[in-house]
file run-v1.cif (mmCIF, C-alpha atoms)
data_target
loop_
_atom_site.label_atom_id
_atom_site.label_comp_id
_atom_site.auth_asym_id
_atom_site.auth_seq_id
_atom_site.Cartn_x
_atom_site.Cartn_y
_atom_site.Cartn_z
CA MET A 1 -12.21 -8.27 -12.58
CA ARG A 2 -14.15 -5.77 -10.45
CA LEU A 3 -17.83 -6.41 -9.77
CA THR A 4 -20.00 -4.37 -7.45
CA PRO A 5 -19.96 -6.12 -4.05
CA PRO A 6 -23.17 -6.76 -2.10
CA GLU A 7 -24.05 -3.99 0.34
CA LYS A 8 -23.11 -5.97 3.45
CA VAL A 9 -19.78 -7.03 1.94
CA GLU A 10 -19.05 -3.41 1.02
CA LYS A 11 -19.84 -2.32 4.58
CA LEU A 12 -17.53 -5.04 5.94
CA GLN A 13 -14.69 -3.89 3.70
CA ALA A 14 -15.28 -0.25 4.61
CA ALA A 15 -15.20 -1.06 8.33
CA LEU A 16 -11.96 -3.05 7.98
CA ARG A 17 -10.36 -0.29 5.90
CA THR A 18 -11.36 2.42 8.38
CA LYS A 19 -10.05 0.47 11.37
CA ALA A 20 -6.76 -0.30 9.59
CA LYS A 21 -6.30 3.34 8.63
CA GLN A 22 -7.14 4.73 12.05
CA SER A 23 -5.00 2.20 13.93
CA PRO A 24 -1.76 1.48 11.99
CA ASN A 25 -0.54 -0.96 14.67
CA TYR A 26 -3.83 -2.81 15.19
CA ARG A 27 -3.85 -6.59 14.65
CA PHE A 28 -7.11 -8.12 13.46
CA TYR A 29 -7.98 -11.23 15.44
CA ALA A 30 -11.42 -12.41 14.19
CA LEU A 31 -11.34 -12.70 10.40
CA TYR A 32 -11.56 -16.40 9.56
CA ASP A 33 -15.33 -16.56 10.04
CA LYS A 34 -15.73 -13.70 7.55
CA VAL A 35 -14.10 -15.82 4.84
CA TYR A 36 -16.90 -18.42 4.82
CA ARG A 37 -19.68 -15.92 5.44
CA GLU A 38 -22.42 -16.66 2.90
CA ASP A 39 -22.40 -13.28 1.15
CA VAL A 40 -18.59 -13.09 1.04
CA LEU A 41 -18.27 -16.59 -0.40
CA GLN A 42 -20.99 -15.94 -2.98
CA TYR A 43 -19.34 -12.70 -4.06
CA ALA A 44 -15.98 -14.49 -4.31
CA TYR A 45 -17.58 -17.13 -6.52
CA ARG A 46 -19.07 -14.44 -8.78
CA LEU A 47 -15.65 -12.83 -9.18
CA CYS A 48 -14.00 -16.14 -10.06
CA ARG A 49 -16.77 -17.03 -12.49
CA ALA A 50 -16.46 -13.63 -14.20
CA ASN A 51 -12.71 -14.23 -14.65
CA ASP A 52 -13.45 -17.75 -15.91
CA GLY A 53 -10.07 -19.45 -16.40
CA SER A 54 -9.02 -23.04 -16.97
CA PRO A 55 -9.89 -25.85 -14.56
CA GLY A 56 -7.39 -27.06 -11.96
CA VAL A 57 -6.08 -30.54 -11.30
CA ASP A 58 -9.57 -31.87 -10.47
CA GLY A 59 -10.92 -30.87 -13.91
CA GLN A 60 -13.94 -29.16 -12.37
CA THR A 61 -15.44 -26.33 -14.46
CA PHE A 62 -17.99 -23.63 -13.72
CA ALA A 63 -20.41 -25.45 -16.03
CA SER A 64 -20.16 -28.62 -13.95
CA ILE A 65 -20.67 -26.61 -10.75
CA LYS A 66 -23.79 -25.02 -12.23
CA THR A 67 -25.11 -28.47 -13.10
CA TYR A 68 -24.37 -29.70 -9.58
CA GLY A 69 -25.99 -26.62 -8.06
CA GLU A 70 -24.03 -23.48 -7.20
CA ASP A 71 -25.76 -22.86 -3.86
CA ARG A 72 -25.29 -26.48 -2.85
CA TRP A 73 -21.59 -26.37 -3.90
CA LEU A 74 -20.95 -23.14 -1.97
CA GLY A 75 -22.81 -24.43 1.05
CA GLU A 76 -20.64 -27.54 1.22
CA LEU A 77 -17.49 -25.43 0.82
CA ALA A 78 -18.61 -23.10 3.60
CA GLU A 79 -19.24 -26.09 5.86
CA GLU A 80 -15.72 -27.42 5.18
CA LEU A 81 -14.26 -24.06 6.16
CA ARG A 82 -16.43 -23.77 9.24
CA LYS A 83 -15.38 -27.21 10.48
CA LYS A 84 -11.69 -26.49 9.67
CA GLU A 85 -11.73 -29.46 7.26
CA TYR A 86 -10.73 -27.50 4.17
CA HIS A 87 -7.39 -28.41 2.54
CA PRO A 88 -6.21 -26.97 -0.78
CA GLN A 89 -5.50 -29.24 -3.72
CA ALA A 90 -2.40 -29.23 -5.89
CA VAL A 91 -1.79 -26.34 -8.28
CA ARG A 92 -1.74 -27.14 -11.99
CA ARG A 93 1.41 -25.82 -13.68
CA VAL A 94 1.23 -24.37 -17.18
CA TYR A 95 3.67 -22.21 -19.11
CA ILE A 96 2.95 -19.04 -21.05
CA PRO A 97 5.39 -17.51 -23.56
CA LYS A 98 7.33 -14.37 -22.59
CA PRO A 99 8.31 -11.60 -25.03
CA ASP A 100 11.96 -12.70 -24.87
CA GLY A 101 11.09 -16.20 -26.10
CA LYS A 102 11.31 -17.84 -22.68
CA GLN A 103 8.36 -19.27 -20.76
CA ARG A 104 6.78 -18.02 -17.56
CA PRO A 105 5.42 -20.65 -15.15
CA LEU A 106 1.81 -20.08 -14.15
CA GLY A 107 -0.04 -21.89 -11.37
CA ILE A 108 -3.75 -22.65 -11.77
CA PRO A 109 -5.51 -23.61 -8.53
CA THR A 110 -8.80 -25.48 -8.63
CA ILE A 111 -11.98 -23.40 -8.73
CA ARG A 112 -12.65 -24.43 -5.15
CA ASP A 113 -9.30 -23.04 -4.01
CA ARG A 114 -9.67 -19.93 -6.17
CA VAL A 115 -13.00 -19.13 -4.51
CA VAL A 116 -11.60 -19.50 -0.99
CA GLN A 117 -8.52 -17.42 -1.84
CA THR A 118 -10.71 -14.73 -3.37
CA ALA A 119 -12.91 -14.71 -0.25
CA ALA A 120 -9.77 -14.24 1.86
CA LEU A 121 -8.67 -11.46 -0.48
CA ILE A 122 -12.02 -9.69 -0.06
CA VAL A 123 -11.40 -9.62 3.70
CA LEU A 124 -7.67 -8.88 3.68
CA GLU A 125 -7.27 -6.37 0.85
CA PRO A 126 -8.95 -3.44 2.68
CA ILE A 127 -6.63 -4.00 5.66
CA PHE A 128 -3.36 -4.14 3.75
CA GLU A 129 -4.24 -1.62 1.06
CA VAL A 130 -3.85 1.26 3.52
CA ASP A 131 -0.36 0.02 4.42
CA LEU A 132 1.01 -0.27 0.88
CA GLN A 133 3.28 2.57 -0.22
CA ASP A 134 2.50 5.24 -2.80
CA GLU A 135 5.38 3.94 -4.92
CA GLN A 136 3.54 0.62 -5.44
CA HIS A 137 1.08 0.63 -8.34
CA ALA A 138 0.25 -2.99 -9.22
CA TYR A 139 -2.90 -4.94 -8.28
CA ARG A 140 -4.41 -2.04 -6.34
CA PRO A 141 -7.89 -0.51 -6.61
CA GLY A 142 -7.81 2.82 -8.39
CA ARG A 143 -4.18 2.44 -9.56
CA SER A 144 -2.72 1.36 -12.87
CA ALA A 145 0.44 0.98 -14.90
CA GLN A 146 -0.33 4.37 -16.45
CA ASP A 147 0.00 5.95 -12.99
CA ALA A 148 3.48 4.44 -12.66
CA ILE A 149 4.37 5.76 -16.13
CA GLY A 150 3.21 9.22 -15.14
CA GLN A 151 5.21 9.18 -11.91
CA ILE A 152 8.37 8.33 -13.83
CA GLU A 153 7.84 11.16 -16.31
CA THR A 154 7.34 13.62 -13.46
CA LEU A 155 10.51 12.47 -11.71
CA LEU A 156 12.57 12.69 -14.90
CA ARG A 157 11.42 16.24 -15.47
CA SER A 158 12.30 17.17 -11.90
CA GLY A 159 15.95 16.18 -12.42
CA HIS A 160 16.02 12.49 -11.44
CA THR A 161 17.82 11.49 -14.63
CA GLU A 162 20.06 8.66 -13.41
CA VAL A 163 17.88 5.56 -13.46
CA ILE A 164 18.51 2.12 -11.96
CA ASP A 165 16.54 -0.31 -14.09
CA ALA A 166 16.43 -3.23 -11.65
CA ASP A 167 15.45 -6.79 -12.51
CA LEU A 168 14.78 -9.48 -9.91
CA SER A 169 15.35 -13.14 -10.78
CA GLY A 170 12.10 -15.08 -10.30
CA TYR A 171 10.61 -12.71 -7.73
CA PHE A 172 7.39 -14.63 -7.14
CA ASP A 173 9.28 -17.91 -6.80
CA SER A 174 11.84 -16.37 -4.41
CA ILE A 175 9.67 -14.80 -1.71
CA PRO A 176 10.63 -16.50 1.59
CA HIS A 177 7.65 -17.90 3.48
CA VAL A 178 8.76 -17.08 7.03
CA GLU A 179 9.37 -13.41 6.29
CA LEU A 180 6.23 -13.17 4.15
CA LEU A 181 4.02 -14.62 6.86
CA LYS A 182 5.55 -12.17 9.32
CA SER A 183 4.38 -9.37 7.01
CA VAL A 184 0.87 -10.83 7.14
CA ALA A 185 0.97 -11.48 10.90
CA ARG A 186 1.93 -7.85 11.51
CA ARG A 187 -1.73 -7.05 10.85
CA VAL A 188 -3.48 -10.41 11.32
CA SER A 189 -3.39 -12.46 14.49
CA ASP A 190 -6.16 -14.90 13.49
CA ARG A 191 -4.29 -18.23 13.53
CA HIS A 192 -6.86 -20.00 11.36
CA LEU A 193 -6.50 -17.46 8.57
CA LEU A 194 -2.71 -17.57 8.87
CA HIS A 195 -2.92 -21.35 8.58
CA LEU A 196 -4.88 -20.96 5.34
CA MET A 197 -2.11 -18.76 3.98
CA LYS A 198 0.57 -21.27 4.87
CA MET A 199 -1.34 -24.14 3.25
CA TRP A 200 -1.65 -22.19 0.00
CA LEU A 201 2.05 -21.34 0.01
CA VAL A 202 3.19 -24.96 0.38
CA ALA A 203 0.60 -26.58 -1.91
CA PRO A 204 2.22 -29.09 -4.30
CA VAL A 205 2.49 -28.35 -8.01
CA GLU A 206 1.25 -30.82 -10.61
CA GLU A 207 2.78 -30.78 -14.08
CA THR A 208 2.10 -32.82 -17.21
CA ASP A 209 4.99 -33.41 -19.62
CA GLU A 210 4.86 -33.75 -23.42
CA ARG A 211 4.23 -37.49 -23.14
CA GLY A 212 1.22 -36.97 -20.90
CA ASN A 213 2.95 -38.15 -17.74
CA THR A 214 1.94 -36.31 -14.56
CA ARG A 215 4.26 -35.57 -11.68
CA ARG A 216 3.93 -33.58 -8.48
CA THR A 217 6.63 -31.51 -6.86
CA THR A 218 6.83 -29.83 -3.47
CA ARG A 219 9.52 -27.24 -4.20
CA ASN A 220 7.78 -24.41 -2.31
CA LYS A 221 7.36 -26.58 0.77
CA ASP A 222 10.90 -27.99 0.59
CA GLU A 223 12.63 -24.65 0.02
CA LYS A 224 10.14 -22.62 2.08
CA ARG A 225 9.85 -19.95 -0.57
CA GLY A 226 7.67 -18.91 -3.49
CA THR A 227 4.08 -17.96 -4.18
CA PRO A 228 2.57 -19.32 -7.42
CA GLN A 229 1.69 -16.79 -10.10
CA GLY A 230 -1.93 -17.23 -11.11
CA ALA A 231 -3.38 -17.70 -7.62
CA PRO A 232 -5.85 -14.93 -6.60
CA ILE A 233 -4.01 -14.32 -3.31
CA SER A 234 -0.57 -14.09 -4.93
CA PRO A 235 -0.70 -10.41 -6.06
CA LEU A 236 -1.51 -9.22 -2.54
CA LEU A 237 1.25 -11.34 -1.01
CA SER A 238 3.81 -10.14 -3.57
CA ASN A 239 2.87 -6.52 -2.86
CA LEU A 240 3.19 -7.10 0.87
CA TYR A 241 6.72 -8.41 0.54
CA MET A 242 7.79 -5.70 -1.89
CA ARG A 243 6.48 -3.21 0.67
CA ARG A 244 9.38 -4.29 2.89
CA PHE A 245 11.85 -3.01 0.34
CA VAL A 246 10.00 0.22 -0.50
CA LEU A 247 9.37 1.13 3.14
CA GLY A 248 12.87 0.08 4.20
CA TRP A 249 14.37 2.31 1.53
CA LYS A 250 12.73 5.32 3.16
CA VAL A 251 13.19 4.29 6.78
CA LEU A 252 16.92 3.71 6.25
CA GLY A 253 17.17 7.18 4.74
CA TYR A 254 18.32 6.10 1.28
CA GLY A 255 15.62 8.15 -0.42
CA GLU A 256 16.89 11.42 1.06
CA ARG A 257 20.59 10.50 1.10
CA PHE A 258 20.73 9.62 -2.60
CA SER A 259 17.79 11.79 -3.71
CA ALA A 260 16.42 8.52 -5.07
CA LYS A 261 12.75 7.70 -5.72
CA ILE A 262 11.30 4.24 -6.33
CA VAL A 263 8.57 3.35 -8.82
CA ASN A 264 7.33 -0.22 -8.49
CA TYR A 265 4.85 -2.33 -10.45
CA ALA A 266 4.66 -5.97 -9.29
CA ASP A 267 8.21 -7.33 -9.79
CA ASP A 268 9.24 -4.43 -12.06
CA LEU A 269 11.27 -1.76 -10.33
CA VAL A 270 13.12 1.44 -11.20
CA ILE A 271 14.96 3.85 -8.90
CA LEU A 272 15.35 7.40 -10.20
CA CYS A 273 18.24 9.42 -8.74
CA SER A 274 19.64 12.90 -8.98
CA LEU A 275 22.95 13.34 -10.76
CA GLY A 276 25.96 11.61 -9.21
CA ARG A 277 24.17 9.38 -6.68
CA ALA A 278 23.09 6.39 -8.71
CA GLU A 279 26.16 4.21 -8.05
CA ASP A 280 25.67 4.50 -4.28
CA ALA A 281 21.95 3.85 -4.67
CA MET A 282 22.70 0.75 -6.75
CA THR A 283 24.96 -0.62 -4.00
CA ALA A 284 22.28 0.04 -1.36
CA MET A 285 19.61 -1.63 -3.49
CA ARG A 286 21.72 -4.77 -3.94
CA ASP A 287 22.43 -4.94 -0.21
CA MET A 288 18.75 -4.59 0.71
CA MET A 289 17.68 -7.26 -1.77
CA ARG A 290 20.28 -9.64 -0.38
CA ARG A 291 18.95 -9.08 3.15
CA LEU A 292 15.41 -9.67 1.87
CA LYS A 293 16.64 -12.98 0.35
CA LEU A 294 15.85 -11.81 -3.18
CA LYS A 295 18.25 -12.14 -6.09
CA VAL A 296 19.13 -9.28 -8.43
CA ASN A 297 19.52 -10.34 -12.06
CA GLU A 298 22.85 -8.70 -12.83
CA GLU A 299 22.59 -9.37 -16.56
CA LYS A 300 19.41 -7.31 -16.92
CA THR A 301 19.92 -4.73 -14.16
CA ARG A 302 21.52 -1.59 -15.54
CA LEU A 303 22.13 2.09 -14.89
CA ALA A 304 20.80 4.47 -17.54
CA ARG A 305 21.98 8.07 -17.59
CA LEU A 306 19.58 10.33 -19.44
CA PRO A 307 19.59 12.11 -21.85
CA ASP A 308 22.44 10.10 -23.44
CA GLU A 309 20.68 6.79 -22.78
CA THR A 310 17.14 5.45 -22.58
CA PHE A 311 15.44 2.73 -20.54
CA ASP A 312 12.32 0.59 -20.91
CA PHE A 313 9.65 0.10 -18.27
CA LEU A 314 6.22 -1.55 -18.57
CA GLY A 315 6.38 -1.56 -22.36
CA TYR A 316 7.39 2.11 -22.71
CA THR A 317 10.76 3.62 -23.65
CA PHE A 318 11.80 6.68 -21.61
CA GLY A 319 14.31 9.24 -22.78
CA ARG A 320 14.81 12.58 -24.49
CA LEU A 321 12.14 13.43 -27.06
CA TYR A 322 11.55 16.47 -29.23
CA SER A 323 8.36 18.44 -29.71
CA ARG A 324 7.10 18.31 -33.30
CA ARG A 325 5.55 21.75 -32.85
CA THR A 326 8.42 23.68 -31.22
CA GLY A 327 11.44 21.42 -31.69
CA HIS A 328 12.25 21.73 -27.98
CA ALA A 329 13.64 18.70 -26.12
CA TYR A 330 11.79 17.17 -23.19
CA TYR A 331 11.80 13.97 -21.14
CA GLY A 332 8.96 11.66 -22.01
CA CYS A 333 7.96 8.18 -23.10
CA CYS A 334 6.56 6.33 -26.07
CA PRO A 335 5.71 2.68 -26.83
CA SER A 336 8.97 0.74 -26.89
CA PRO A 337 10.32 -0.89 -30.08
CA LYS A 338 9.63 -4.30 -28.50
CA SER A 339 5.99 -3.32 -27.87
CA MET A 340 5.61 -2.16 -31.47
CA LYS A 341 7.20 -5.39 -32.72
CA ARG A 342 4.80 -7.48 -30.62
CA LEU A 343 1.82 -5.54 -31.99
CA ARG A 344 2.98 -6.09 -35.58
CA GLY A 345 3.48 -9.78 -34.82
CA ARG A 346 -0.06 -10.16 -33.52
CA ILE A 347 -1.48 -8.27 -36.51
CA ARG A 348 0.55 -10.49 -38.82
CA GLU A 349 -0.90 -13.61 -37.17
CA GLU A 350 -4.46 -12.33 -37.65
CA THR A 351 -3.97 -11.45 -41.33
CA THR A 352 -2.19 -14.52 -42.68
CA ARG A 353 -3.45 -16.50 -45.65
CA LYS A 354 -4.88 -19.21 -43.39
CA TRP A 355 -7.74 -16.80 -42.63
CA LEU A 356 -8.70 -16.19 -46.27
CA TRP A 357 -11.98 -18.01 -45.67
CA LYS A 358 -13.09 -15.19 -43.36
CA THR A 359 -14.93 -12.11 -44.51
CA GLU A 360 -13.46 -8.60 -44.43
CA GLU A 361 -15.85 -7.78 -41.62
CA ASN A 362 -14.58 -10.72 -39.54
CA ILE A 363 -10.94 -9.69 -39.96
CA VAL A 364 -11.67 -6.05 -39.14
CA THR A 365 -13.65 -7.02 -36.02
CA VAL A 366 -10.76 -9.13 -34.70
CA THR A 367 -8.21 -6.44 -35.61
CA ASN A 368 -10.27 -3.70 -33.92
CA ARG A 369 -10.53 -5.72 -30.72
CA LEU A 370 -6.75 -6.18 -30.69
CA LEU A 371 -6.07 -2.51 -31.46
CA THR A 372 -8.49 -1.23 -28.83
CA GLY A 373 -6.83 -3.26 -26.07
CA TRP A 374 -3.35 -2.19 -27.21
CA ALA A 375 -4.26 1.49 -27.48
CA ASN A 376 -6.08 1.51 -24.14
CA TYR A 377 -2.80 0.56 -22.51
CA PHE A 378 -0.53 2.70 -24.70
CA SER A 379 -2.61 5.83 -24.20
CA VAL A 380 -0.17 8.05 -22.32
CA GLY A 381 2.97 9.89 -23.28
CA THR A 382 4.04 10.58 -26.87
CA VAL A 383 2.08 8.08 -28.92
CA ARG A 384 1.17 9.91 -32.13
CA ARG A 385 4.15 8.63 -34.13
CA SER A 386 3.65 5.07 -32.88
CA TYR A 387 -0.05 5.25 -33.73
CA ALA A 388 0.75 6.47 -37.26
CA SER A 389 3.29 3.66 -37.75
CA ALA A 390 0.79 1.07 -36.53
CA ASP A 391 -1.98 2.47 -38.77
CA HIS A 392 0.27 2.27 -41.82
CA TYR A 393 1.38 -1.30 -41.07
CA ILE A 394 -2.15 -2.54 -40.36
CA PHE A 395 -3.57 -0.99 -43.53
CA GLN A 396 -0.82 -2.60 -45.63
CA ARG A 397 -1.35 -6.01 -44.01
CA LEU A 398 -5.09 -5.83 -44.60
CA ARG A 399 -4.48 -4.78 -48.22
CA GLN A 400 -2.20 -7.80 -48.73
CA TRP A 401 -4.80 -10.09 -47.16
CA TRP A 402 -7.58 -8.64 -49.31
CA CYS A 403 -5.53 -9.02 -52.52
CA ALA A 404 -4.71 -12.63 -51.64
CA LYS A 405 -8.35 -13.40 -50.87
CA HIS A 406 -9.67 -11.91 -54.10
CA LYS A 407 -6.61 -12.89 -56.20
CA VAL A 408 -5.84 -9.29 -57.10
CA ARG A 409 -2.29 -8.59 -58.28
CA ASN A 410 -2.38 -4.81 -57.98
CA ARG A 411 -2.00 -4.07 -54.28
CA ARG A 412 -3.10 -0.49 -54.89
CA ASP A 413 -6.47 -1.59 -56.22
CA ALA A 414 -8.90 1.28 -55.73
CA ARG A 415 -11.58 -1.09 -54.44
CA PHE A 416 -9.61 -1.47 -51.22
CA SER A 417 -9.20 2.22 -50.47
CA GLY A 418 -8.87 4.00 -47.16
CA ASN A 419 -12.46 5.15 -47.50
CA TYR A 420 -13.63 1.55 -47.87
CA VAL A 421 -11.51 0.23 -45.00
CA TYR A 422 -12.10 2.97 -42.44
CA LYS A 423 -15.61 4.16 -43.27
CA GLN A 424 -17.39 1.12 -44.67
CA LEU A 425 -15.62 -1.68 -42.79
CA GLY A 426 -15.05 0.44 -39.69
CA LEU A 427 -11.37 -0.26 -39.08
CA THR A 428 -10.08 1.62 -36.03
CA ARG A 429 -7.71 4.44 -36.91
CA LEU A 430 -5.37 4.90 -33.96
CA ARG A 431 -4.41 8.44 -34.93
CA ALA A 432 -8.04 9.47 -34.46
CA ARG A 433 -8.13 8.19 -30.89
CA PRO A 434 -7.75 10.66 -28.02
CA HIS A 435 -4.73 10.19 -25.74
CA ARG A 436 -3.48 11.86 -22.63
CA VAL A 437 -0.10 13.07 -21.51
CA ALA A 438 1.11 11.06 -18.52
CA CYS A 439 1.36 12.96 -15.27
CA ALA A 440 1.48 12.10 -11.59
CA ASN A 441 2.04 13.72 -8.28
CA VAL A 442 5.21 12.65 -6.47
#
call {"tool": "encode", "arguments": {"input": "run-v1.cif", "output": "structure tokens"}}
result
Amino acid sequence: MRLTPPEKVEKLQAALRTKAKQSPNYRFYALYDKVYREDVLQYAYRLCRANDGSPGVDGQTFASIKTYGEDRWLGELAEELRKKEYHPQAVRRVYIPKPDGKQRPLGIPTIRDRVVQTAALIVLEPIFEVDLQDEQHAYRPGRSAQDAIGQIETLLRSGHTEVIDADLSGYFDSIPHVELLKSVARRVSDRHLLHLMKMWLVAPVEETDERGNTRRTTRNKDEKRGTPQGAPISPLLSNLYMRRFVLGWKVLGYGERFSAKIVNYADDLVILCSLGRAEDAMTAMRDMMRRLKLKVNEEKTRLARLPDETFDFLGYTFGRLYSRRTGHAYYGCCPSPKSMKRLRGRIREETTRKWLWKTEENIVTVTNRLLTGWANYFSVGTVRRSYASADHYIFQRLRQWWCAKHKVRNRRDARFSGNYVYKQLGLTRLRARPHRVACANV
């Protein structure tokens, strides 16, 4: 979450950004004291509090910190950092479901560790942001997934129609510590800040099984690889390591040799090539990933040749589409079938019979909140048909729910008309929402 930083913090970030941009080879040597600076630490706490989140292994919540005294709590934390007595606690491991039915491990640091990591991020992000490549779109100020979508559309329309849809096996868990810390040390020579980074990377993970038994593991420390997803510092570190691949691709001349362009978002990656060069580009990509000690998931990595095939990226399906107005073919994108299925699944969950005790207004409010978030993301490309399909499905689900609630057999009962649903209850109609065609400069 982005909050407006205090004036002095903003000036600090601007000065670091300017120095990093003007001196690409400069190494910053006095940063650790900025991490526990009062205004930086307070701003970091505000950011963490705004994001809320579950407590870590110590069970401490923001409510308990407020009761204890926020200024007192921050002051004690700053003193620990100043005296070099700070040590991170274990990371709490939870699992969140993935669209394919599997589970993604997520690490939840304690609030104390989240605040310190966020303070470090406030200091480091302006330095490394100027070094990240234009092909990288994730976790960056002023950039979004929609920008990545637009860049892909532009490349497809410029003739880059052979696409390597690459998948990395457990990217966050595979990043090697030695090489990652070298990427950080290229810009930072402050040994105390580098020590903080290392401590976060090797922090143990605490996990509770179904029987309530707790165990701690030290896999990251033992294998010297991995950065836990869920930690505030993790997105920056993952971008820094992916920068090695993106920059190396250009430095080694693969971009020009294969007429191949990269579009990257976190651990999602596609390489768009001109006709006839994709096989060579695929071989080069595999070789580079091996040298970076990353593993390519061969089962999910594939080569798509448009227009005969399509590929999915960030929830969109890319391929040949046809204009409803002219009938002409063009390369574009629309929400993928999987994305539409997930939306219908979430709508189905919110309109089941177990919610019959709610009012129509309650159901519509929840549905509108879900639709607004979905449509804000799926707002580029060719979305009109997907919007119409979603509108039809949602209206039918709400009609079924209404009939069940009021024990009406005729599902076409005039009392639950479109006028009632859209005008009186205020249900969001996706087709009425504005959307933009994705575009990006390459």
call {"tool": "atom_distance", "arguments": {"input": "run-v1.cif", "atom1": "atom CA of A:Leu16", "atom2": "atom CA of A:Leu132"}}
result
15.0 Å
call {"tool": "atom_distance", "arguments": {"input": "run-v1.cif", "atom1": "atom CA of A:Arg143", "atom2": "atom CA of A:Met197"}}
result
25.2 Å
call {"tool": "resolve_selection", "arguments": {"input": "run-v1.cif", "expression": "the PyMOL selection byres ((chain A and resi 375-388) around 9)", "output": "CSV table (one decimal) with C-alpha atoms, keeping the file's coordinate frame"}}
result
chain,number,residue,atom,x,y,z
A,145,ALA,CA,0.4,1.0,-14.9
A,146,GLN,CA,-0.3,4.4,-16.4
A,149,ILE,CA,4.4,5.8,-16.1
A,150,GLY,CA,3.2,9.2,-15.1
A,153,GLU,CA,7.8,11.2,-16.3
A,315,GLY,CA,6.4,-1.6,-22.4
A,316,TYR,CA,7.4,2.1,-22.7
A,321,LEU,CA,12.1,13.4,-27.1
A,332,GLY,CA,9.0,11.7,-22.0
A,333,CYS,CA,8.0,8.2,-23.1
A,334,CYS,CA,6.6,6.3,-26.1
A,335,PRO,CA,5.7,2.7,-26.8
A,340,MET,CA,5.6,-2.2,-31.5
A,370,LEU,CA,-6.8,-6.2,-30.7
A,371,LEU,CA,-6.1,-2.5,-31.5
A,372,THR,CA,-8.5,-1.2,-28.8
A,373,GLY,CA,-6.8,-3.3,-26.1
A,374,TRP,CA,-3.4,-2.2,-27.2
A,389,SER,CA,3.3,3.7,-37.8
A,390,ALA,CA,0.8,1.1,-36.5
A,391,ASP,CA,-2.0,2.5,-38.8
A,392,HIS,CA,0.3,2.3,-41.8
A,393,TYR,CA,1.4,-1.3,-41.1
A,429,ARG,CA,-7.7,4.4,-36.9
A,430,LEU,CA,-5.4,4.9,-34.0
A,431,ARG,CA,-4.4,8.4,-34.9
A,433,ARG,CA,-8.1,8.2,-30.9
A,434,PRO,CA,-7.8,10.7,-28.0
A,435,HIS,CA,-4.7,10.2,-25.7
A,436,ARG,CA,-3.5,11.9,-22.6
A,437,VAL,CA,-0.1,13.1,-21.5
A,438,ALA,CA,1.1,11.1,-18.5
A,439,CYS,CA,1.4,13.0,-15.3
call {"tool": "atom_distance", "arguments": {"input": "run-v1.cif", "atom1": "atom CA of A:Thr4", "atom2": "atom CA of A:Ser144"}}
result
19.0 Å
call {"tool": "resolve_selection", "arguments": {"input": "run-v1.cif", "expression": "the PyMOL selection byres ((chain A and resi 127) around 6)", "output": "PyMOL selection string"}}
result
chain A and resi 16-17+20+124-126+128-129
call {"tool": "residues_near_point", "arguments": {"input": "run-v1.cif", "point": "(9.1, -5.0, -26.6)", "cutoff": "12 Å", "atoms": "only C-alpha atoms", "output": "PyMOL selection string"}}
result
chain A and resi 98-101+311-317+334-345
call {"tool": "residues_near_point", "arguments": {"input": "run-v1.cif", "point": "(12.9, -17.9, -9.5)", "cutoff": "12 Å", "atoms": "only C-alpha atoms", "output": "NGL selection string"}}
result
:A and (104-105 or 167-176 or 219-220 or 223 or 225-229 or 267 or 293-297)
call {"tool": "residues_around", "arguments": {"input": "run-v1.cif", "residues": "A:Ala260", "least_positions_apart": "3", "cutoff": "7 Å", "atoms": "all atoms listed in the file", "output": "list in words"}}
result
Gly255, Glu256, Ile271, Leu272, Cys273 and Ser274 of chain A
call {"tool": "residues_around", "arguments": {"input": "run-v1.cif", "residues": "stretch 349-365 of chain A", "least_positions_apart": "3", "cutoff": "8 Å", "atoms": "all atoms listed in the file", "output": "PyMOL selection string"}}
result
chain A and resi 345-346+368-369+397-398+401-402+404-405+425-427
call {"tool": "write_last_selection", "arguments": {"input": "run-v1.cif", "atoms": "C-alpha atoms", "output": "JSON list (two decimals), keeping the file's coordinate frame"}}
result
[["chain", "number", "residue", "atom", "x", "y", "z"],
["A", 345, "GLY", "CA", 3.48, -9.78, -34.82],
["A", 346, "ARG", "CA", -0.06, -10.16, -33.52],
["A", 368, "ASN", "CA", -10.27, -3.70, -33.92],
["A", 369, "ARG", "CA", -10.53, -5.72, -30.72],
["A", 397, "ARG", "CA", -1.35, -6.01, -44.01],
["A", 398, "LEU", "CA", -5.09, -5.83, -44.60],
["A", 401, "TRP", "CA", -4.80, -10.09, -47.16],
["A", 402, "TRP", "CA", -7.58, -8.64, -49.31],
["A", 404, "ALA", "CA", -4.71, -12.63, -51.64],
["A", 405, "LYS", "CA", -8.35, -13.40, -50.87],
["A", 425, "LEU", "CA", -15.62, -1.68, -42.79],
["A", 426, "GLY", "CA", -15.05, 0.44, -39.69],
["A", 427, "LEU", "CA", -11.37, -0.26, -39.08]]
call {"tool": "residues_around", "arguments": {"input": "run-v1.cif", "residues": "A:Asn264", "least_positions_apart": "6", "cutoff": "7 Å", "atoms": "only C-alpha atoms", "output": "MDAnalysis selection string"}}
result
chainID A and resid 135:137 270
call {"tool": "resolve_selection", "arguments": {"input": "run-v1.cif", "expression": "the PyMOL selection byres ((chain A and resi 183-193) around 8)", "output": "ChimeraX atom specification"}}
result
/A:25-32,127-128,179-182,194-197,240-241
call {"tool": "closest_residue", "arguments": {"input": "run-v1.cif", "among": "A:Val130, A:Val251, A:Val246, A:Ala138", "to": "A:Ser23", "atoms": "only C-alpha atoms"}}
result
A:Val130
call {"tool": "closest_residue", "arguments": {"input": "run-v1.cif", "among": "A:Val263, A:Met288, A:Val40, A:Ala14", "to": "A:Gln133", "atoms": "all atoms listed in the file"}}
result
A:Val263
